[in-house]
file query-v8.txt (compact mmCIF, C-alpha atoms and all ligand atoms)
# COMPACT_ATOMS: atom_id res chain seq x y z
CA MET A 1 27.13 -37.45 21.76
CA PHE A 2 24.22 -35.51 20.30
CA CYS A 3 23.60 -35.60 16.53
CA HIS A 4 21.46 -32.84 15.04
CA PHE A 5 20.62 -33.92 11.52
CA GLY A 6 17.70 -33.17 9.20
CA PRO A 7 16.50 -30.65 6.59
CA ASN A 8 18.34 -27.84 8.44
CA THR A 9 21.63 -29.58 7.59
CA PHE A 10 20.87 -28.79 3.96
CA SER A 11 19.08 -25.42 4.21
CA GLY A 12 21.45 -23.64 6.57
CA ALA A 13 18.62 -22.95 9.05
CA GLU A 14 18.67 -23.74 12.76
CA TRP A 15 14.89 -23.83 13.06
CA GLY A 16 13.13 -25.01 9.90
CA ASP A 17 9.55 -23.74 9.55
CA GLY A 18 8.16 -27.09 8.37
CA SER A 19 7.53 -25.99 4.78
CA GLU A 20 10.84 -27.33 3.46
CA PRO A 21 10.38 -29.70 0.51
CA GLU A 22 11.12 -33.29 1.56
CA ASP A 23 13.64 -33.60 -1.28
CA LEU A 24 15.87 -31.12 0.49
CA PHE A 25 16.94 -33.96 2.78
CA ASN A 26 19.46 -35.79 0.63
CA PRO A 27 22.59 -37.06 2.38
CA ARG A 28 24.93 -38.22 -0.35
CA ALA A 29 26.88 -40.84 1.57
CA LEU A 30 25.07 -41.51 4.87
CA ASP A 31 27.22 -43.65 7.14
CA CYS A 32 25.94 -44.01 10.68
CA ARG A 33 28.71 -46.49 11.50
CA GLN A 34 31.14 -43.66 10.94
CA TRP A 35 29.25 -41.61 13.60
CA VAL A 36 29.65 -44.52 16.00
CA ASP A 37 33.37 -44.76 15.16
CA ALA A 38 33.79 -41.07 15.93
CA ALA A 39 31.82 -41.34 19.17
CA GLU A 40 33.80 -44.40 20.24
CA GLN A 41 37.13 -42.73 19.56
CA ALA A 42 36.00 -39.72 21.56
CA GLY A 43 35.15 -41.96 24.54
CA MET A 44 31.40 -41.32 24.39
CA GLY A 45 28.94 -43.80 25.91
CA GLY A 46 25.90 -43.15 23.75
CA ILE A 47 24.48 -41.13 20.86
CA ILE A 48 21.17 -39.24 20.75
CA LEU A 49 19.79 -38.50 17.27
CA THR A 50 17.27 -35.76 16.44
CA ALA A 51 14.74 -38.10 14.82
CA LYS A 52 12.26 -35.19 14.55
CA HIS A 53 13.28 -31.56 15.09
CA HIS A 54 10.93 -28.55 15.26
CA ASP A 55 10.36 -28.62 11.46
CA GLY A 56 8.49 -31.89 11.99
CA PHE A 57 10.51 -33.84 9.40
CA CYS A 58 10.82 -37.49 10.51
CA LEU A 59 14.10 -39.26 9.79
CA TRP A 60 12.16 -42.53 9.70
CA PRO A 61 9.11 -43.37 7.52
CA SER A 62 6.55 -42.45 10.18
CA ALA A 63 2.92 -43.33 9.53
CA GLN A 64 1.97 -40.32 11.69
CA SER A 65 3.20 -37.72 9.23
CA THR A 66 3.46 -36.94 5.52
CA HIS A 67 6.69 -35.02 6.07
CA THR A 68 9.26 -37.81 6.35
CA VAL A 69 12.09 -39.60 4.55
CA ALA A 70 9.42 -41.68 2.77
CA GLN A 71 8.18 -38.60 0.90
CA SER A 72 11.70 -37.61 -0.14
CA SER A 73 13.55 -38.90 -3.16
CA TRP A 74 16.54 -39.86 -0.97
CA ASN A 75 16.99 -43.60 -1.56
CA GLU A 76 13.84 -43.37 -3.67
CA GLY A 77 11.78 -42.89 -0.56
CA ASN A 78 13.03 -46.14 0.99
CA GLY A 79 15.61 -44.63 3.33
CA ASP A 80 15.40 -44.82 7.11
CA VAL A 81 18.06 -42.94 9.06
CA LEU A 82 16.73 -44.10 12.44
CA ARG A 83 17.07 -47.74 11.33
CA GLU A 84 20.61 -47.24 10.05
CA PHE A 85 21.49 -45.35 13.23
CA THR A 86 20.11 -47.94 15.65
CA ASP A 87 21.65 -50.79 13.63
CA ALA A 88 25.04 -49.06 13.66
CA CYS A 89 24.86 -48.53 17.43
CA ARG A 90 23.83 -52.09 18.30
CA GLY A 91 26.42 -53.80 20.49
CA ARG A 92 28.78 -50.81 20.32
CA MET A 93 27.09 -47.73 21.70
CA LYS A 94 23.84 -46.84 23.46
CA ALA A 95 21.28 -45.26 21.10
CA GLY A 96 18.90 -42.52 22.17
CA VAL A 97 16.38 -40.33 20.44
CA TYR A 98 15.27 -36.69 20.39
CA ILE A 99 11.68 -36.14 19.29
CA SER A 100 10.57 -32.51 19.37
CA PRO A 101 7.10 -31.92 20.81
CA TRP A 102 7.00 -28.55 19.00
CA ASP A 103 6.11 -29.36 15.39
CA ARG A 104 5.88 -26.62 12.76
CA ASN A 105 4.64 -28.95 10.04
CA HIS A 106 2.01 -31.24 11.47
CA PRO A 107 -1.51 -30.10 10.48
CA THR A 108 -2.93 -31.16 13.85
CA TYR A 109 -0.41 -29.15 15.90
CA GLY A 110 -2.35 -26.82 18.20
CA THR A 111 -5.26 -29.26 18.66
CA ASP A 112 -5.94 -32.13 21.06
CA GLU A 113 -5.49 -34.53 18.17
CA TYR A 114 -1.78 -33.71 18.07
CA ASN A 115 -1.32 -35.30 21.51
CA GLU A 116 -2.65 -38.52 20.02
CA VAL A 117 -0.30 -38.17 17.04
CA PHE A 118 2.63 -37.54 19.36
CA VAL A 119 1.87 -40.57 21.52
CA ASN A 120 1.67 -42.71 18.36
CA THR A 121 4.96 -41.24 17.20
CA LEU A 122 6.61 -42.27 20.48
CA ARG A 123 5.03 -45.68 20.14
CA GLU A 124 6.48 -46.17 16.64
CA VAL A 125 9.99 -45.19 17.65
CA HIS A 126 10.10 -47.05 20.95
CA THR A 127 8.63 -50.28 19.65
CA ALA A 128 10.19 -50.69 16.20
CA TYR A 129 13.65 -49.25 16.96
CA GLY A 130 14.23 -49.77 20.68
CA PRO A 131 15.55 -50.17 23.22
CA MET A 132 16.57 -46.53 23.45
CA PHE A 133 18.64 -45.50 26.47
CA GLU A 134 17.30 -41.94 26.50
CA GLN A 135 14.29 -40.01 25.23
CA TRP A 136 14.94 -36.28 24.80
CA PHE A 137 11.97 -33.92 25.05
CA ASP A 138 13.04 -30.46 23.95
CA GLY A 139 11.47 -27.60 25.89
CA ALA A 140 11.72 -25.08 23.03
CA CYS A 141 8.65 -23.58 21.39
CA GLY A 142 9.11 -20.49 19.29
CA GLU A 143 5.46 -19.86 18.37
CA GLY A 144 4.88 -16.11 18.55
CA PRO A 145 1.82 -14.40 20.10
CA ASN A 146 -0.26 -15.33 17.03
CA GLY A 147 1.16 -18.82 16.98
CA LYS A 148 -0.50 -22.11 17.64
CA GLN A 149 -1.06 -23.00 21.28
CA GLN A 150 -0.51 -26.67 21.99
CA ARG A 151 -1.39 -27.99 25.41
CA TYR A 152 0.90 -30.99 25.65
CA ASP A 153 -0.53 -33.98 27.46
CA TRP A 154 2.63 -34.56 29.50
CA PRO A 155 1.12 -37.14 31.87
CA ARG A 156 0.19 -39.24 28.85
CA PHE A 157 3.58 -38.80 27.15
CA MET A 158 5.38 -39.87 30.34
CA GLN A 159 2.96 -42.75 30.90
CA THR A 160 3.59 -43.91 27.33
CA MET A 161 7.33 -43.82 27.94
CA SER A 162 7.08 -45.90 31.10
CA GLU A 163 4.88 -48.43 29.30
CA LEU A 164 7.05 -48.73 26.23
CA ASN A 165 10.51 -48.30 27.66
CA PRO A 166 10.58 -48.14 31.45
CA ASN A 167 14.38 -48.17 31.51
CA ALA A 168 14.84 -45.16 29.25
CA ILE A 169 16.13 -41.99 30.87
CA VAL A 170 13.55 -39.32 30.07
CA PHE A 171 15.11 -35.89 29.57
CA SER A 172 13.10 -32.69 29.74
CA ASP A 173 13.58 -29.32 31.44
CA ILE A 174 12.55 -31.02 34.69
CA GLY A 175 13.18 -34.73 34.03
CA PRO A 176 11.97 -37.15 35.39
CA GLY A 177 15.14 -38.99 34.26
CA CYS A 178 17.52 -36.07 33.90
CA ARG A 179 17.03 -32.33 33.62
CA TRP A 180 18.18 -29.53 31.35
CA VAL A 181 21.10 -27.70 32.97
CA GLY A 182 19.52 -24.33 32.16
CA ASN A 183 21.99 -23.15 29.50
CA GLU A 184 23.42 -24.37 26.21
CA GLU A 185 27.04 -23.67 27.12
CA GLY A 186 27.79 -27.01 28.76
CA ARG A 187 27.97 -25.46 32.22
CA ALA A 188 26.60 -26.96 35.43
CA GLY A 189 26.71 -24.80 38.58
CA GLU A 190 29.72 -24.56 40.88
CA THR A 191 27.12 -25.92 43.26
CA CYS A 192 25.13 -28.60 41.50
CA TRP A 193 22.57 -30.80 43.21
CA SER A 194 21.10 -33.81 41.41
CA THR A 195 17.97 -33.22 43.46
CA LEU A 196 15.15 -30.93 42.32
CA ASN A 197 11.69 -29.97 43.55
CA THR A 198 9.32 -30.60 40.67
CA GLU A 199 5.95 -30.62 42.45
CA GLY A 200 3.32 -28.76 40.40
CA ALA A 201 5.65 -28.38 37.41
CA THR A 202 5.46 -29.90 33.93
CA PRO A 203 8.21 -29.81 31.28
CA SER A 204 6.44 -26.75 29.82
CA GLU A 205 4.76 -25.01 32.78
CA ASN A 206 5.50 -23.78 36.33
CA LYS A 207 9.02 -25.11 36.06
CA PRO A 208 12.06 -23.73 37.90
CA ALA A 209 13.92 -20.88 36.14
CA PRO A 210 16.99 -21.84 34.06
CA GLU A 211 19.37 -20.45 36.76
CA VAL A 212 17.72 -22.78 39.26
CA LEU A 213 18.10 -25.78 36.94
CA THR A 214 21.85 -25.01 36.77
CA VAL A 215 22.15 -25.48 40.54
CA GLY A 216 19.26 -27.80 41.50
CA HIS A 217 17.69 -27.83 44.97
CA GLN A 218 19.56 -28.93 48.07
CA GLY A 219 17.30 -31.52 49.66
CA GLY A 220 14.98 -31.49 46.60
CA SER A 221 12.38 -34.23 46.53
CA GLN A 222 13.22 -35.77 43.13
CA TRP A 223 16.44 -37.30 41.77
CA VAL A 224 16.96 -35.48 38.45
CA PRO A 225 20.67 -35.04 37.57
CA ALA A 226 21.67 -32.19 35.25
CA GLU A 227 22.50 -32.92 31.61
CA CYS A 228 24.62 -30.32 29.84
CA ASP A 229 23.82 -30.07 26.13
CA VAL A 230 26.24 -28.01 24.09
CA SER A 231 27.34 -28.01 20.47
CA ILE A 232 30.89 -28.52 19.22
CA ARG A 233 29.99 -25.85 16.62
CA PRO A 234 28.25 -22.46 16.91
CA GLY A 235 24.99 -24.00 15.61
CA TRP A 236 23.28 -27.26 16.47
CA PHE A 237 23.15 -28.26 12.80
CA TRP A 238 26.14 -28.52 10.48
CA HIS A 239 26.69 -25.41 8.33
CA PRO A 240 29.55 -25.09 5.82
CA ASP A 241 30.88 -21.78 7.18
CA GLU A 242 31.06 -22.82 10.81
CA HIS A 243 33.95 -24.51 12.58
CA PRO A 244 34.31 -26.66 15.68
CA LYS A 245 35.49 -25.43 19.06
CA THR A 246 39.12 -25.94 20.04
CA VAL A 247 40.35 -28.67 22.38
CA ASP A 248 40.92 -26.02 25.08
CA GLU A 249 37.31 -24.86 24.77
CA LEU A 250 36.09 -28.46 24.97
CA MET A 251 38.24 -29.09 28.04
CA GLU A 252 36.72 -26.02 29.71
CA ILE A 253 33.27 -27.48 28.95
CA TYR A 254 34.37 -30.87 30.29
CA PHE A 255 35.53 -29.40 33.62
CA ASN A 256 32.36 -27.31 33.92
CA SER A 257 29.98 -30.17 33.15
CA VAL A 258 31.46 -33.57 34.05
CA GLY A 259 33.59 -31.83 36.68
CA HIS A 260 30.50 -30.23 38.24
CA ASN A 261 28.37 -33.33 38.73
CA GLY A 262 26.75 -33.01 35.27
CA LEU A 263 26.31 -35.28 32.30
CA LEU A 264 27.90 -33.96 29.12
CA LEU A 265 25.88 -34.20 25.90
CA LEU A 266 28.18 -32.87 23.20
CA ASN A 267 26.53 -32.22 19.84
CA VAL A 268 28.56 -33.27 16.80
CA PRO A 269 26.32 -32.74 13.77
CA PRO A 270 26.70 -34.86 10.63
CA ASP A 271 27.26 -32.88 7.42
CA THR A 272 25.42 -32.93 4.08
CA ASN A 273 27.18 -36.19 3.19
CA GLY A 274 25.64 -37.74 6.29
CA ARG A 275 29.04 -38.09 7.96
CA ILE A 276 30.92 -36.45 10.82
CA CYS A 277 33.34 -34.19 8.94
CA ALA A 278 37.12 -34.60 9.25
CA GLU A 279 37.55 -31.28 11.07
CA ASP A 280 35.16 -32.31 13.87
CA SER A 281 36.56 -35.86 14.09
CA ALA A 282 40.06 -34.49 14.51
CA VAL A 283 38.99 -32.25 17.42
CA LEU A 284 37.14 -35.16 19.05
CA VAL A 285 40.24 -37.35 18.90
CA ALA A 286 42.41 -34.57 20.32
CA PHE A 287 39.84 -33.91 23.08
CA ARG A 288 40.01 -37.56 24.09
CA ALA A 289 43.81 -37.56 23.99
CA GLU A 290 43.92 -34.48 26.25
CA ARG A 291 41.66 -36.14 28.86
CA ASP A 292 43.73 -39.32 28.69
CA ARG A 293 46.90 -37.31 29.18
CA ILE A 294 45.65 -35.29 32.17
CA PHE A 295 44.04 -38.22 33.97
CA ALA A 296 46.78 -40.77 33.19
CA ARG A 297 48.50 -40.89 36.59
CA ASP A 298 46.68 -40.62 39.90
CA MET A 299 49.19 -39.45 42.45
CA ALA A 300 47.05 -40.63 45.34
CA GLN A 301 47.76 -44.22 44.30
CA GLY A 302 49.91 -45.93 46.91
CA ALA A 303 48.90 -43.40 49.58
CA LYS A 304 47.63 -44.31 53.03
CA ALA A 305 44.17 -43.00 53.91
CA ARG A 306 43.04 -42.54 57.49
CA ALA A 307 39.67 -41.50 58.91
CA MET A 308 37.00 -42.51 61.39
CA HIS A 309 34.79 -44.96 59.53
CA ARG A 310 31.73 -47.11 59.76
CA PRO A 311 32.45 -50.84 60.02
CA GLY A 312 33.52 -52.30 56.67
CA HIS A 313 33.83 -48.92 54.94
CA ARG A 314 37.38 -47.86 55.63
CA ALA A 315 39.09 -44.71 54.35
CA LYS A 316 41.38 -46.71 52.03
CA ASN A 317 38.36 -47.41 49.84
CA VAL A 318 38.64 -43.90 48.38
CA LEU A 319 41.87 -44.98 46.69
CA ASP A 320 40.60 -47.87 44.59
CA THR A 321 38.66 -47.45 41.38
CA ALA A 322 35.98 -50.04 42.25
CA TYR A 323 32.65 -48.26 42.35
CA HIS A 324 31.03 -50.22 45.14
CA THR A 325 33.73 -49.73 47.73
CA TYR A 326 33.55 -46.46 49.60
CA TRP A 327 34.51 -44.70 52.80
CA ALA A 328 31.56 -44.08 55.11
CA ALA A 329 32.15 -41.41 57.74
CA THR A 330 30.66 -41.55 61.22
CA ALA A 331 29.48 -37.92 61.44
CA LYS A 332 28.13 -35.18 59.20
CA GLU A 333 31.43 -33.38 59.46
CA ALA A 334 34.43 -35.64 59.01
CA ASN A 335 38.14 -35.50 58.21
CA LEU A 336 40.12 -37.81 55.99
CA THR A 337 43.92 -37.74 55.80
CA LEU A 338 45.87 -38.89 52.76
CA ALA A 339 49.54 -39.65 53.37
CA LEU A 340 51.28 -39.95 50.01
CA ASP A 341 54.33 -42.12 49.34
CA SER A 342 56.39 -39.03 48.60
CA VAL A 343 55.88 -35.33 47.93
CA ALA A 344 53.75 -34.86 44.82
CA GLU A 345 52.81 -31.86 42.75
CA PHE A 346 49.23 -31.71 41.51
CA ASP A 347 46.70 -29.13 40.37
CA ILE A 348 43.58 -31.27 39.94
CA ILE A 349 41.64 -33.04 42.69
CA VAL A 350 38.86 -35.47 41.74
CA ILE A 351 36.29 -36.46 44.37
CA GLN A 352 33.35 -38.80 43.90
CA GLU A 353 30.45 -39.57 46.23
CA TYR A 354 28.90 -43.02 46.37
CA ILE A 355 25.68 -41.98 44.64
CA PRO A 356 23.57 -45.09 45.36
CA LEU A 357 23.42 -43.65 48.90
CA GLY A 358 22.48 -40.18 47.65
CA GLN A 359 24.21 -36.84 47.23
CA ARG A 360 25.26 -35.61 50.65
CA VAL A 361 28.30 -33.34 50.61
CA THR A 362 27.69 -29.58 50.95
CA SER A 363 31.33 -28.48 51.08
CA VAL A 364 34.90 -29.77 51.18
CA GLY A 365 37.82 -28.07 52.89
CA LEU A 366 41.51 -28.86 52.49
CA ALA A 367 44.54 -28.46 54.73
CA ILE A 368 48.09 -29.72 54.38
CA ASP A 369 49.96 -31.36 57.19
CA GLU A 370 53.57 -30.21 57.32
CA GLY A 371 54.51 -32.43 60.24
CA ASP A 372 54.91 -29.41 62.54
CA GLY A 373 51.31 -28.37 62.10
CA ILE A 374 48.25 -28.46 59.90
CA TYR A 375 47.90 -25.55 57.50
CA PRO A 376 44.43 -24.84 56.13
CA GLN A 377 44.35 -24.13 52.40
CA THR A 378 40.68 -23.17 52.39
CA THR A 379 38.19 -21.46 54.69
CA PRO A 380 34.52 -22.27 55.30
CA ASP A 381 33.69 -19.21 53.14
CA HIS A 382 36.05 -20.34 50.40
CA PRO A 383 35.98 -24.12 50.43
CA LEU A 384 37.84 -26.34 47.99
CA CYS A 385 34.40 -26.94 46.49
CA THR A 386 30.77 -26.94 47.57
CA THR A 387 28.81 -29.90 46.23
CA VAL A 388 30.56 -33.05 45.00
CA GLY A 389 27.92 -35.47 43.67
CA TYR A 390 28.83 -38.24 41.26
CA LYS A 391 32.03 -36.44 40.30
CA ARG A 392 33.70 -33.19 41.20
CA ILE A 393 36.87 -32.13 39.42
CA VAL A 394 38.51 -29.25 41.25
CA ARG A 395 41.16 -27.25 39.42
CA LEU A 396 43.55 -25.50 41.80
CA ASP A 397 44.63 -21.94 41.02
CA ALA A 398 48.25 -22.97 41.48
CA PRO A 399 49.86 -26.42 41.73
CA MET A 400 50.17 -27.77 45.27
CA ARG A 401 53.22 -29.69 46.55
CA THR A 402 52.78 -31.91 49.58
CA ASP A 403 52.72 -35.49 50.80
CA ARG A 404 49.97 -35.09 53.39
CA LEU A 405 46.46 -33.80 52.74
CA VAL A 406 43.63 -33.41 55.22
CA PHE A 407 40.17 -33.15 53.73
CA THR A 408 37.20 -31.92 55.76
CA PHE A 409 33.81 -32.97 54.46
CA ARG A 410 30.60 -31.28 55.53
CA ALA A 411 27.45 -33.06 54.50
CA LEU A 412 23.68 -33.41 54.99
CA ALA A 413 24.32 -36.91 56.35
CA PRO A 414 27.61 -38.69 57.13
CA PRO A 415 29.50 -38.51 53.83
CA VAL A 416 30.09 -41.62 51.72
CA ILE A 417 33.05 -41.09 49.43
CA ASN A 418 33.85 -43.43 46.59
CA ARG A 419 37.07 -41.90 45.33
CA ILE A 420 39.70 -39.22 45.81
CA ALA A 421 42.37 -38.80 43.12
CA LEU A 422 45.13 -36.27 42.38
CA PHE A 423 46.42 -35.28 38.96
CA ASN A 424 48.85 -32.86 37.39
CA SER A 425 47.46 -31.18 34.28
CA LYS A 426 50.98 -30.16 33.22
CA GLY A 427 52.25 -33.72 33.58
CA LYS A 428 53.02 -35.91 30.60
C1 LIG B 1 16.83 -26.24 21.68
C2 LIG B 1 16.37 -26.27 20.24
O1 LIG B 1 15.54 -25.18 19.92
C3 LIG B 1 17.61 -26.27 19.38
O2 LIG B 1 17.33 -26.23 18.02
C4 LIG B 1 18.40 -27.54 19.74
O3 LIG B 1 17.67 -28.69 19.32
C5 LIG B 1 18.68 -27.60 21.23
C6 LIG B 1 19.33 -28.88 21.67
O4 LIG B 1 17.50 -27.43 21.97
O5 LIG B 1 15.80 -26.05 22.57
call {"tool": "encode", "arguments": {"input": "query-v8.txt", "output": "structure tokens", "more": "lines below"}}
Ligand code: FUL
result
Amino acid sequence: MFCHFGPNTFSGAEWGDGSEPEDLFNPRALDCRQWVDAAEQAGMGGIILTAKHHDGFCLWPSAQSTHTVAQSSWNEGNGDVLREFTDACRGRMKAGVYISPWDRNHPTYGTDEYNEVFVNTLREVHTAYGPMFEQWFDGACGEGPNGKQQRYDWPRFMQTMSELNPNAIVFSDIGPGCRWVGNEEGRAGETCWSTLNTEGATPSENKPAPEVLTVGHQGGSQWVPAECDVSIRPGWFWHPDEHPKTVDELMEIYFNSVGHNGLLLLNVPPDTNGRICAEDSAVLVAFRAERDRIFARDMAQGAKARAMHRPGHRAKNVLDTAYHTYWAATAKEANLTLALDSVAEFDIIVIQEYIPLGQRVTSVGLAIDEGDGIYPQTTPDHPLCTTVGYKRIVRLDAPMRTDRLVFTFRALAPPVINRIALFNSKGK
């Protein structure tokens, strides 16, 4: 879950210009534990808070700035949202942090000194509040032609991160931990590689175009999975006249992100009380219930799986839910047959590769075996899906009824498949 929270929550803006009076930030009933409750109920694994957005306002009393909670009258200048947030997450939920490099308030922005300030800012957050599971570096900079030009010292920022918190996933347009998916609609490509060529690029310069980030590079030199940031509301910040998306819209996002080998980062912005509002909480709970309903019964359970395999990595391993058991094929193109207990009707097929051995699959075909012959359901031009990656969720145009499926995997190296599962979205 992403939480955009700051002066914009109170002003109605999406991009504050940094001149907002500190007193504007005044959550009446801040309750970060309630954010964690909402995230937990929604089945989220972590929360990333905008500790400093483009307006430069710090949600913690930073010594690097005079535009922070300490200068506001909220809690008489003694408040610290980042502290309350990390305390609330401890033991329940991973905590992560967004710190915008673009800063429309800081007097040093546009000079070399700002790089120093920014490094010290990272140092404060990652020493006094850690360990953070993810550091989010936003690529946005809306300075116009007469705006300030800041040359970010990316090598130093990244070096600082590896010194302070080597285990944190570092997000930027190009990683190195995970990459921006290239849009803010929660949509990874139909083809989505976790690999990307980043030679010669920085998070602000010479980077691949957004459409390329959506797809990644087959055979790319770096491992930089796509993260799909999208807001539950029209804006990133909470505004009184806006409303959350519907469960159907969230499900579409889920299939297009998680179902396309992406990570989903769903923004649920706290309101002026400093709480996730009831309307958003209700949608989150319903979104979780819908996923639980659809993925309740895997019809491949109890099936028999057959395929040529490498020693110790039999086809039946695709049917258990243990992550470290997988089927390893013997060739780059390989078939796997699933013989179900009885005829089943399904319209969703979930496939997972065993990612510790890389992302290999380039396409998957499907045929059904009617006993008297094998009937292809797909063609090489129109496969069941192209890439698989950590997880591929394929939605069929129409439900399929059969008890015998033959999958054909084509891959860069003999495929290693962790799981195949079948679901019926209309089922109870
Ligand atoms: C963008 C920002 O400009 C938006 O305000 C928001 O923070 C979004 C997640 O990233 O680049």
call {"tool": "residues_near_ligand", "arguments": {"input": "query-v8.txt", "ligand": "ligand LIG 1 (chain B)", "cutoff": "6 Å", "atoms": "all atoms listed in the file", "output": "list of chain:residue names"}}
result
A:Glu14, A:Asp138, A:Gly139, A:Ala140, A:Trp236
call {"tool": "closest_atom_pairs", "arguments": {"input": "query-v8.txt", "of": "segment 69-158 of chain A", "to": "segment 198-220 of chain A", "cutoff": "10 Å", "atoms": "all atoms listed in the file", "output": "tab-separated table"}}
result
residue	atom	partner	partner_atom	distance
A:Phe137	CA	A:Pro203	CA	8.4
A:Asp138	CA	A:Pro203	CA	8.8
A:Gly139	CA	A:Ser204	CA	6.4
A:Ala140	CA	A:Ser204	CA	8.8
A:Cys141	CA	A:Ser204	CA	9.3
A:Arg151	CA	A:Ser204	CA	9.1
A:Tyr152	CA	A:Ser204	CA	8.1
A:Asp153	CA	A:Thr202	CA	9.7
A:Trp154	CA	A:Thr202	CA	7.0
A:Pro155	CA	A:Thr202	CA	8.7
call {"tool": "write_last_selection", "arguments": {"input": "query-v8.txt", "atoms": "C-alpha atoms", "output": "tab-separated table (two decimals), in the frame of the given file"}}
result
chain	number	residue	atom	x	y	z
A	137	PHE	CA	11.97	-33.92	25.05
A	138	ASP	CA	13.04	-30.46	23.95
A	139	GLY	CA	11.47	-27.60	25.89
A	140	ALA	CA	11.72	-25.08	23.03
A	141	CYS	CA	8.65	-23.58	21.39
A	151	ARG	CA	-1.39	-27.99	25.41
A	152	TYR	CA	0.90	-30.99	25.65
A	153	ASP	CA	-0.53	-33.98	27.46
A	154	TRP	CA	2.63	-34.56	29.50
A	155	PRO	CA	1.12	-37.14	31.87
call {"tool": "residues_near_point", "arguments": {"input": "query-v8.txt", "point": "(-1.6, -35.6, 20.3)", "cutoff": "10 Å", "atoms": "all atoms listed in the file", "output": "ChimeraX atom specification"}}
result
/A:101,108-121,150-153,156-157
call {"tool": "closest_residue", "arguments": {"input": "query-v8.txt", "among": "A:Asn424, A:Gln222, A:Ser62, A:Thr337", "to": "Thr408 of chain A", "atoms": "all atoms listed in the file"}}
result
A:Thr337
call {"tool": "atom_distance", "arguments": {"input": "query-v8.txt", "atom1": "atom CA of Arg233 of chain A", "atom2": "atom CA of Asp292 of chain A"}}
result
22.7 Å
call {"tool": "closest_residue", "arguments": {"input": "query-v8.txt", "among": "A:His260, A:His54, A:His67, A:Arg291", "to": "Val394 of chain A", "atoms": "all atoms listed in the file"}}
result
A:His260
call {"tool": "atom_distance", "arguments": {"input": "query-v8.txt", "atom1": "atom CA of Tyr390 of chain A", "atom2": "atom CA of Met44 of chain A"}}
result
17.3 Å
call {"tool": "closest_residue", "arguments": {"input": "query-v8.txt", "among": "A:Leu412, A:Leu366, A:Gly235, A:Phe85", "to": "Ala13 of chain A", "atoms": "only C-alpha atoms"}}
result
A:Gly235
call {"tool": "residues_around", "arguments": {"input": "query-v8.txt", "residues": "segment 328-336 of chain A", "least_positions_apart": "4", "cutoff": "9 Å", "atoms": "only C-alpha atoms", "output": "PyMOL selection string"}}
result
chain A and resi 305-315+361+405-418
call {"tool": "atom_distance", "arguments": {"input": "query-v8.txt", "atom1": "atom CA of Phe133 of chain A", "atom2": "atom CA of Asn8 of chain A"}}
result
25.2 Å
call {"tool": "residues_near_point", "arguments": {"input": "query-v8.txt", "point": "(28.6, -32.6, 16.1)", "cutoff": "8 Å", "atoms": "all atoms listed in the file", "output": "ChimeraX atom specification"}}
result
/A:1-4,231-233,236-238,266-270,276,280
call {"tool": "write_last_selection", "arguments": {"input": "query-v8.txt", "atoms": "C-alpha atoms", "output": "tab-separated table (two decimals), in the coordinates of the input"}}
result
chain	number	residue	atom	x	y	z
A	1	MET	CA	27.13	-37.45	21.76
A	2	PHE	CA	24.22	-35.51	20.30
A	3	CYS	CA	23.60	-35.60	16.53
A	4	HIS	CA	21.46	-32.84	15.04
A	231	SER	CA	27.34	-28.01	20.47
A	232	ILE	CA	30.89	-28.52	19.22
A	233	ARG	CA	29.99	-25.85	16.62
A	236	TRP	CA	23.28	-27.26	16.47
A	237	PHE	CA	23.15	-28.26	12.80
A	238	TRP	CA	26.14	-28.52	10.48
A	266	LEU	CA	28.18	-32.87	23.20
A	267	ASN	CA	26.53	-32.22	19.84
A	268	VAL	CA	28.56	-33.27	16.80
A	269	PRO	CA	26.32	-32.74	13.77
A	270	PRO	CA	26.70	-34.86	10.63
A	276	ILE	CA	30.92	-36.45	10.82
A	280	ASP	CA	35.16	-32.31	13.87
call {"tool": "residues_around", "arguments": {"input": "query-v8.txt", "residues": "Phe255 of chain A", "least_positions_apart": "3", "cutoff": "12 Å", "atoms": "only C-alpha atoms", "output": "list in words"}}
result
Gly186, Arg187, Ala188, Gly189, Glu190, Cys228, Asp248, Glu249, Leu250, Met251, Glu252, Val258, Gly259, His260, Asn261, Gly262, Leu263, Leu264, Arg291, Ile294, Ile348, Ile349, Val350, Lys391, Arg392, Ile393, Val394 and Arg395 of chain A
call {"tool": "closest_residue", "arguments": {"input": "query-v8.txt", "among": "A:Ile99, A:Leu384, A:Ile355, A:Ala289", "to": "Ser194 of chain A", "atoms": "only C-alpha atoms"}}
result
A:Ile355
call {"tool": "closest_residue", "arguments": {"input": "query-v8.txt", "among": "A:Gly18, A:Pro7, A:Gly144, A:Pro356", "to": "Thr50 of chain A", "atoms": "only C-alpha atoms"}}
result
A:Pro7
call {"tool": "residues_around", "arguments": {"input": "query-v8.txt", "residues": "Ser73 of chain A", "least_positions_apart": "2", "cutoff": "10 Å", "atoms": "only C-alpha atoms", "output": "ChimeraX atom specification"}}
result
/A:22-26,69-71,75-79
call {"tool": "residues_around", "arguments": {"input": "query-v8.txt", "residues": "Cys89 of chain A", "least_positions_apart": "3", "cutoff": "9 Å", "atoms": "all atoms listed in the file", "output": "CSV table (one decimal) with C-alpha atoms, in the coordinates of the input"}}
result
chain,number,residue,atom,x,y,z
A,32,CYS,CA,25.9,-44.0,10.7
A,33,ARG,CA,28.7,-46.5,11.5
A,36,VAL,CA,29.6,-44.5,16.0
A,46,GLY,CA,25.9,-43.2,23.8
A,47,ILE,CA,24.5,-41.1,20.9
A,84,GLU,CA,20.6,-47.2,10.0
A,85,PHE,CA,21.5,-45.4,13.2
A,86,THR,CA,20.1,-47.9,15.6
A,92,ARG,CA,28.8,-50.8,20.3
A,93,MET,CA,27.1,-47.7,21.7
A,94,LYS,CA,23.8,-46.8,23.5
A,95,ALA,CA,21.3,-45.3,21.1
